[in-house]
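Q: Structure: target-v9.txt, compact mmCIF, C-alpha atoms.
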# COMPACT_ATOMS: atom_id res chain seq x y z
CA MET H 290 119.31 117.99 104.09
CA THR H 291 115.91 117.38 105.68
CA GLN H 292 112.98 117.84 103.29
CA GLU H 293 109.48 119.05 104.06
CA VAL H 294 106.73 117.13 102.25
CA ARG H 295 103.03 116.44 102.66
CA GLY H 296 101.78 113.22 104.23
CA VAL H 297 98.53 111.70 105.49
CA VAL H 298 98.78 111.18 109.25
CA ALA H 299 96.58 109.42 111.80
CA ARG H 300 97.44 111.25 115.02
CA THR H 301 95.23 109.34 117.46
CA LYS H 302 93.00 106.27 117.53
CA ASN H 303 89.99 106.57 115.22
CA ALA H 304 90.43 110.34 114.76
CA PRO H 305 90.03 111.82 111.26
CA VAL H 306 93.28 111.61 109.29
CA GLU H 307 94.96 114.86 108.30
CA THR H 308 97.33 116.01 105.59
CA GLU H 309 100.34 117.34 107.47
CA THR H 310 103.81 118.67 106.75
CA ILE H 311 106.31 115.96 107.59
CA LEU H 312 110.10 115.93 107.64
CA ILE H 313 112.11 113.39 105.64
CA PRO H 314 115.80 113.08 106.62
CA ASP H 315 118.57 112.38 104.15
CA PRO H 316 119.02 108.63 103.74
CA GLY H 317 121.50 107.06 106.12
CA PRO H 318 123.51 103.89 105.49
CA GLY H 319 121.35 101.28 103.79
CA GLU H 320 118.43 103.68 103.28
CA ALA H 321 116.70 105.35 100.31
CA VAL H 322 114.37 108.28 99.78
CA VAL H 323 111.66 107.48 97.25
CA ARG H 324 109.45 110.02 95.46
CA VAL H 325 106.04 108.35 95.58
CA GLN H 326 104.16 108.31 92.27
CA ALA H 327 101.17 106.17 93.28
CA CYS H 328 99.88 104.51 96.43
CA GLY H 329 96.87 102.21 96.68
CA VAL H 330 94.33 102.38 99.48
CA CYS H 331 94.46 99.17 101.51
CA HIS H 332 92.21 98.03 104.36
CA THR H 333 95.35 97.71 106.49
CA ASP H 334 95.57 101.52 106.57
CA LEU H 335 92.10 101.61 108.14
CA HIS H 336 93.28 99.07 110.74
CA TYR H 337 96.17 101.40 111.63
CA LYS H 338 93.78 104.36 111.95
CA LEU H 339 91.43 102.36 114.20
CA GLY H 340 94.30 101.25 116.43
CA GLY H 341 93.85 97.62 115.39
CA ILE H 342 97.53 96.98 114.66
CA SER H 343 99.34 98.89 117.40
CA ASP H 344 99.16 102.02 119.52
CA ASP H 345 102.29 103.61 118.05
CA PHE H 346 100.51 106.80 116.98
CA PRO H 347 100.95 109.01 115.06
CA PHE H 348 101.02 106.84 111.94
CA LEU H 349 102.12 107.93 108.48
CA LEU H 350 99.69 105.86 106.43
CA GLY H 351 100.08 104.15 103.04
CA HIS H 352 102.19 101.21 101.92
CA GLU H 353 101.01 99.83 98.54
CA ALA H 354 103.24 102.08 96.47
CA ALA H 355 105.53 102.65 93.53
CA GLY H 356 107.85 105.55 92.84
CA VAL H 357 111.30 106.73 91.81
CA VAL H 358 114.40 106.54 94.00
CA GLU H 359 115.56 110.08 94.67
CA SER H 360 118.64 109.45 96.82
CA VAL H 361 120.42 106.62 98.60
CA GLY H 362 122.66 106.35 101.65
CA ALA H 363 126.10 104.87 102.09
CA GLY H 364 126.55 101.24 101.12
CA VAL H 365 123.48 101.01 98.87
CA THR H 366 124.31 99.19 95.65
CA ASP H 367 121.09 97.46 94.54
CA VAL H 368 119.19 100.65 93.67
CA ALA H 369 120.26 104.09 92.48
CA PRO H 370 118.67 107.48 91.98
CA GLY H 371 116.29 107.36 89.03
CA ASP H 372 115.29 103.71 89.47
CA PHE H 373 111.55 103.01 89.29
CA VAL H 374 110.64 100.77 92.22
CA VAL H 375 107.84 99.01 94.04
CA LEU H 376 108.03 99.32 97.83
CA ASN H 377 107.99 96.17 99.98
CA TRP H 378 106.85 95.77 103.59
CA ARG H 379 110.20 94.56 104.86
CA ALA H 380 113.75 94.20 103.58
CA VAL H 381 114.78 90.57 104.05
CA CYS H 382 118.21 89.80 105.46
CA GLY H 383 119.25 87.19 102.89
CA GLN H 384 121.32 85.38 105.52
CA CYS H 385 118.96 83.67 107.97
CA ARG H 386 117.86 80.04 107.75
CA ALA H 387 114.60 80.91 105.95
CA CYS H 388 116.30 83.14 103.38
CA LYS H 389 119.01 80.55 102.68
CA ARG H 390 116.31 77.92 102.13
CA GLY H 391 114.73 80.13 99.47
CA ARG H 392 111.80 81.16 101.70
CA PRO H 393 112.38 84.87 102.27
CA TRP H 394 108.74 85.40 103.23
CA TYR H 395 109.66 83.70 106.53
CA CYS H 396 112.78 85.87 107.09
CA PHE H 397 113.75 86.06 110.77
CA ASP H 398 115.55 89.40 110.51
CA THR H 399 113.57 91.80 108.31
CA HIS H 400 114.31 95.50 108.69
CA ASN H 401 113.11 98.98 107.81
CA ALA H 402 114.73 102.43 107.77
CA GLU H 403 116.55 103.24 110.99
CA GLN H 404 115.90 106.98 111.01
CA PRO H 405 112.44 108.31 111.83
CA MET H 406 110.37 110.60 109.67
CA THR H 407 108.80 113.23 111.91
CA LEU H 408 106.18 115.91 112.25
CA THR H 409 107.52 119.48 112.17
CA ASP H 410 107.62 119.54 115.99
CA GLY H 411 109.97 116.53 115.99
CA THR H 412 107.36 113.91 116.90
CA PRO H 413 108.49 110.61 115.33
CA LEU H 414 106.04 108.99 112.91
CA SER H 415 105.32 105.28 112.68
CA PRO H 416 105.21 104.50 108.95
CA ALA H 417 102.53 101.96 108.02
CA LEU H 418 104.21 98.59 107.38
CA GLY H 419 107.54 100.40 107.53
CA ILE H 420 106.73 102.42 104.40
CA GLY H 421 104.44 105.43 104.98
CA ALA H 422 103.66 106.15 101.34
CA PHE H 423 100.61 108.43 101.62
CA SER H 424 103.22 111.15 101.21
CA ASP H 425 105.09 112.98 98.49
CA LYS H 426 108.28 111.14 99.50
CA THR H 427 109.20 108.46 102.02
CA LEU H 428 112.30 107.05 103.67
CA VAL H 429 112.73 103.27 103.54
CA ALA H 430 115.43 100.64 103.85
CA ALA H 431 116.96 100.30 100.40
CA GLY H 432 116.15 96.58 100.52
CA GLN H 433 112.47 97.52 100.52
CA CYS H 434 112.87 98.84 96.96
CA THR H 435 112.36 96.38 94.10
CA LYS H 436 113.23 97.66 90.64
CA VAL H 437 110.52 97.13 88.02
CA ASP H 438 110.03 98.03 84.36
CA PRO H 439 109.92 101.84 84.15
CA GLU H 440 107.29 101.54 81.41
CA ALA H 441 104.79 100.13 83.94
CA ALA H 442 102.05 102.46 85.17
CA PRO H 443 102.81 103.44 88.79
CA SER H 444 99.16 102.91 89.77
CA ALA H 445 99.37 99.28 88.60
CA ALA H 446 102.93 98.58 89.76
CA GLY H 447 102.16 99.78 93.29
CA LEU H 448 99.60 96.99 93.69
CA LEU H 449 102.46 94.48 93.54
CA GLY H 450 103.65 95.80 96.90
CA CYS H 451 100.60 94.56 98.79
CA GLY H 452 97.40 93.27 97.17
CA VAL H 453 99.04 91.18 94.46
CA MET H 454 101.79 89.90 96.76
CA ALA H 455 99.30 89.05 99.52
CA GLY H 456 96.84 87.27 97.25
CA ILE H 457 99.34 85.30 95.19
CA GLY H 458 101.34 84.52 98.34
CA ALA H 459 98.18 83.26 100.06
CA ALA H 460 97.55 80.80 97.24
CA ILE H 461 101.10 79.65 96.51
CA ASN H 462 102.91 79.96 99.87
CA THR H 463 100.28 79.79 102.61
CA GLY H 464 97.60 77.69 100.91
CA ALA H 465 100.12 75.57 98.99
CA VAL H 466 97.66 75.19 96.12
CA GLY H 467 98.70 72.37 93.83
CA ARG H 468 97.78 70.91 90.48
CA GLY H 469 94.23 69.56 90.52
CA ASP H 470 93.17 71.32 93.73
CA SER H 471 89.83 73.09 93.97
CA VAL H 472 89.96 76.55 95.49
CA ALA H 473 87.28 78.87 96.87
CA VAL H 474 88.10 82.56 97.24
CA ILE H 475 85.61 84.51 99.34
CA GLY H 476 85.74 88.20 98.53
CA CYS H 477 87.22 89.13 95.17
CA GLY H 478 88.63 92.59 95.62
CA GLY H 479 92.30 93.27 94.97
CA VAL H 480 93.66 90.54 97.25
CA GLY H 481 90.98 88.02 96.29
CA ALA H 482 91.53 88.57 92.57
CA ALA H 483 95.27 88.07 93.12
CA ALA H 484 94.54 84.86 95.08
CA ILE H 485 92.58 83.58 92.09
CA ALA H 486 95.51 84.47 89.83
CA GLY H 487 97.90 82.75 92.25
CA ALA H 488 95.77 79.59 92.31
CA ARG H 489 95.69 79.59 88.52
CA LEU H 490 99.48 80.00 88.39
CA ALA H 491 99.89 77.12 90.87
Taking this structure as input, can you express it in the form of structure tokens?

A:
Amino acid sequence: MTQEVRGVVARTKNAPVETETILIPDPGPGEAVVRVQACGVCHTDLHYKLGGISDDFPFLLGHEAAGVVESVGAGVTDVAPGDFVVLNWRAVCGQCRACKRGRPWYCFDTHNAEQPMTLTDGTPLSPALGIGAFSDKTLVAAGQCTKVDPEAAPSAAGLLGCGVMAGIGAAINTGAVGRGDSVAVIGCGGVGAAAIAGARLA
């Protein structure tokens, strides 16, 4: 049964964002509805608003999020209602050459939910990074949900979905920081601090 929830929408390029009523369909095969508990504010959301990523307006903003799985569609076995999860940009396929080599960050066949979330007039929304978590609830591919310790604070766990992943990934995967390397990180906000942590881990 379709649900009405609130969401932050960028209707047109560089226009003020608005809190709107949006419609969330029941999850289809391979999908999950997640009740969002916390969502960080990332510069990427500003890029969407400014039209710097694509022109697929209107956008449902927000992507750095954690919440609780409310319902799942047919065939979903990795998560279940009640699971506390961090939301990921893309669900990796697990079968392509990159995934089989243990490099899922290079997956050739990532996917998101198939069904659209919409405005009340039926206008399809483009969820930011396939998530759209500046909303009470969101519809994602179940593979975008990663279970984490339910004792974790949602406001901290949500950062794993973007800032921490981006910064640590930049150091370990992209930068290939190794033992004995010197590293300079310019700009030490959320991503920069995570890049420092990633370099230290490496």

Q: Which one of H:Ala484, H:Asp345, H:Val374, H:Arg489 sits closest to Thr412 (chain H) if you count all atoms listed in the file?

A: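 Among H:Ala484, H:Asp345, H:Val374, H:Arg489, it is H:Asp345 that comes nearest to Thr412 (chain H).
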
Q: What would the list of residues within 7 Å of (118.0, 107.6, 98.7) (file frame) look like as a ChimeraX atom specification, if all atoms listed in the file are what count?

A: /H:316,320-323,358-362,370

Q: Which is closest to Arg468 (chain H) among H:Glu307, H:Pro439, H:Ala455, H:Gly487, if we use all atoms listed in the file?

A: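 Looking only at the distances to Arg468 (chain H), the closest residue turns out to be H:Gly487.
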
Q: Can you write out as a tab-separated table which residues of region 365-481 of chain H fall within 10 Å of region 329-334 of chain H, alongside each residue's closest atom pair and its distance in Å to one decimal, counting only C-alpha atoms and ordering rows by chain and ascending residue number?

A:
residue	atom	partner	partner_atom	distance
H:Ala417	CA	H:Asp334	CA	7.1
H:Leu418	CA	H:Thr333	CA	8.9
H:Gly421	CA	H:Asp334	CA	9.8
H:Ala422	CA	H:Gly329	CA	9.1
H:Phe423	CA	H:Gly329	CA	8.8
H:Pro443	CA	H:Gly329	CA	10.0
H:Ser444	CA	H:Gly329	CA	7.3
H:Ala445	CA	H:Gly329	CA	9.0
H:Ala446	CA	H:Gly329	CA	9.9
H:Gly447	CA	H:Gly329	CA	6.7
H:Leu448	CA	H:Gly329	CA	6.6
H:Gly450	CA	H:Gly329	CA	9.3
H:Cys451	CA	H:Cys331	CA	8.1
H:Gly452	CA	H:Cys331	CA	7.9
H:Gly479	CA	H:Cys331	CA	9.1
H:Val480	CA	H:Cys331	CA	9.7

Q: Would you export the selected residues with C-alpha atoms as a compact mmCIF listing (two decimals), keeping the file's coordinate frame, please?

A:
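Result file follows (selection.txt):
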# COMPACT_ATOMS: atom_id res chain seq x y z
CA ALA H 417 102.53 101.96 108.02
CA LEU H 418 104.21 98.59 107.38
CA GLY H 421 104.44 105.43 104.98
CA ALA H 422 103.66 106.15 101.34
CA PHE H 423 100.61 108.43 101.62
CA PRO H 443 102.81 103.44 88.79
CA SER H 444 99.16 102.91 89.77
CA ALA H 445 99.37 99.28 88.60
CA ALA H 446 102.93 98.58 89.76
CA GLY H 447 102.16 99.78 93.29
CA LEU H 448 99.60 96.99 93.69
CA GLY H 450 103.65 95.80 96.90
CA CYS H 451 100.60 94.56 98.79
CA GLY H 452 97.40 93.27 97.17
CA GLY H 479 92.30 93.27 94.97
CA VAL H 480 93.66 90.54 97.25

Q: Tell me, as a list of chain:residue names, which residues lie within 9 Å of Val381 (chain H), counting all atoms listed in the file; anything in the same chain fewer than 3 positions away does not count.

A: H:Gln384, H:Cys385, H:Cys388, H:Pro393, H:Trp394, H:Tyr395, H:Cys396, H:Phe397, H:Asp398, H:Thr399, H:His400, H:Gly432, H:Gln433

Q: Can you work out which one of H:Ala355, H:Ile457, H:Ala483, H:Ala387 has the shortest atom-to-atom distance to Val437 (chain H), counting all atoms listed in the file?

A: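 Closest residue, counting all atoms listed in the file: H:Ala355.
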
Q: Between CA of Val474 (chain H) and CA of Leu335 (chain H), what is the distance, to one decimal in Å?

A: 22.3 Å

Q: Please indicate the distance in Å from CA of Glu440 (chain H) to CA of Ala369 (chain H), rounded to one decimal place.

A: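 A separation of 17.2 Å between them.
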
Q: Distance CA of Pro416 (chain H)-CA of Ala363 (chain H), one decimal place?

A: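 According to the coordinates, CA of Pro416 (chain H) and CA of Ala363 (chain H) are separated by 22.0 Å.
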
Q: Which residues, protein or nucleic acid, reach to within 12 Å of (108.4, 113.3, 111.1) in the file's coordinates when using all atoms listed in the file, and can you give that as a VMD selection string?

A: chain H and resid 291 to 298 300 309 to 314 346 to 349 404 to 416 421 424 426 to 428
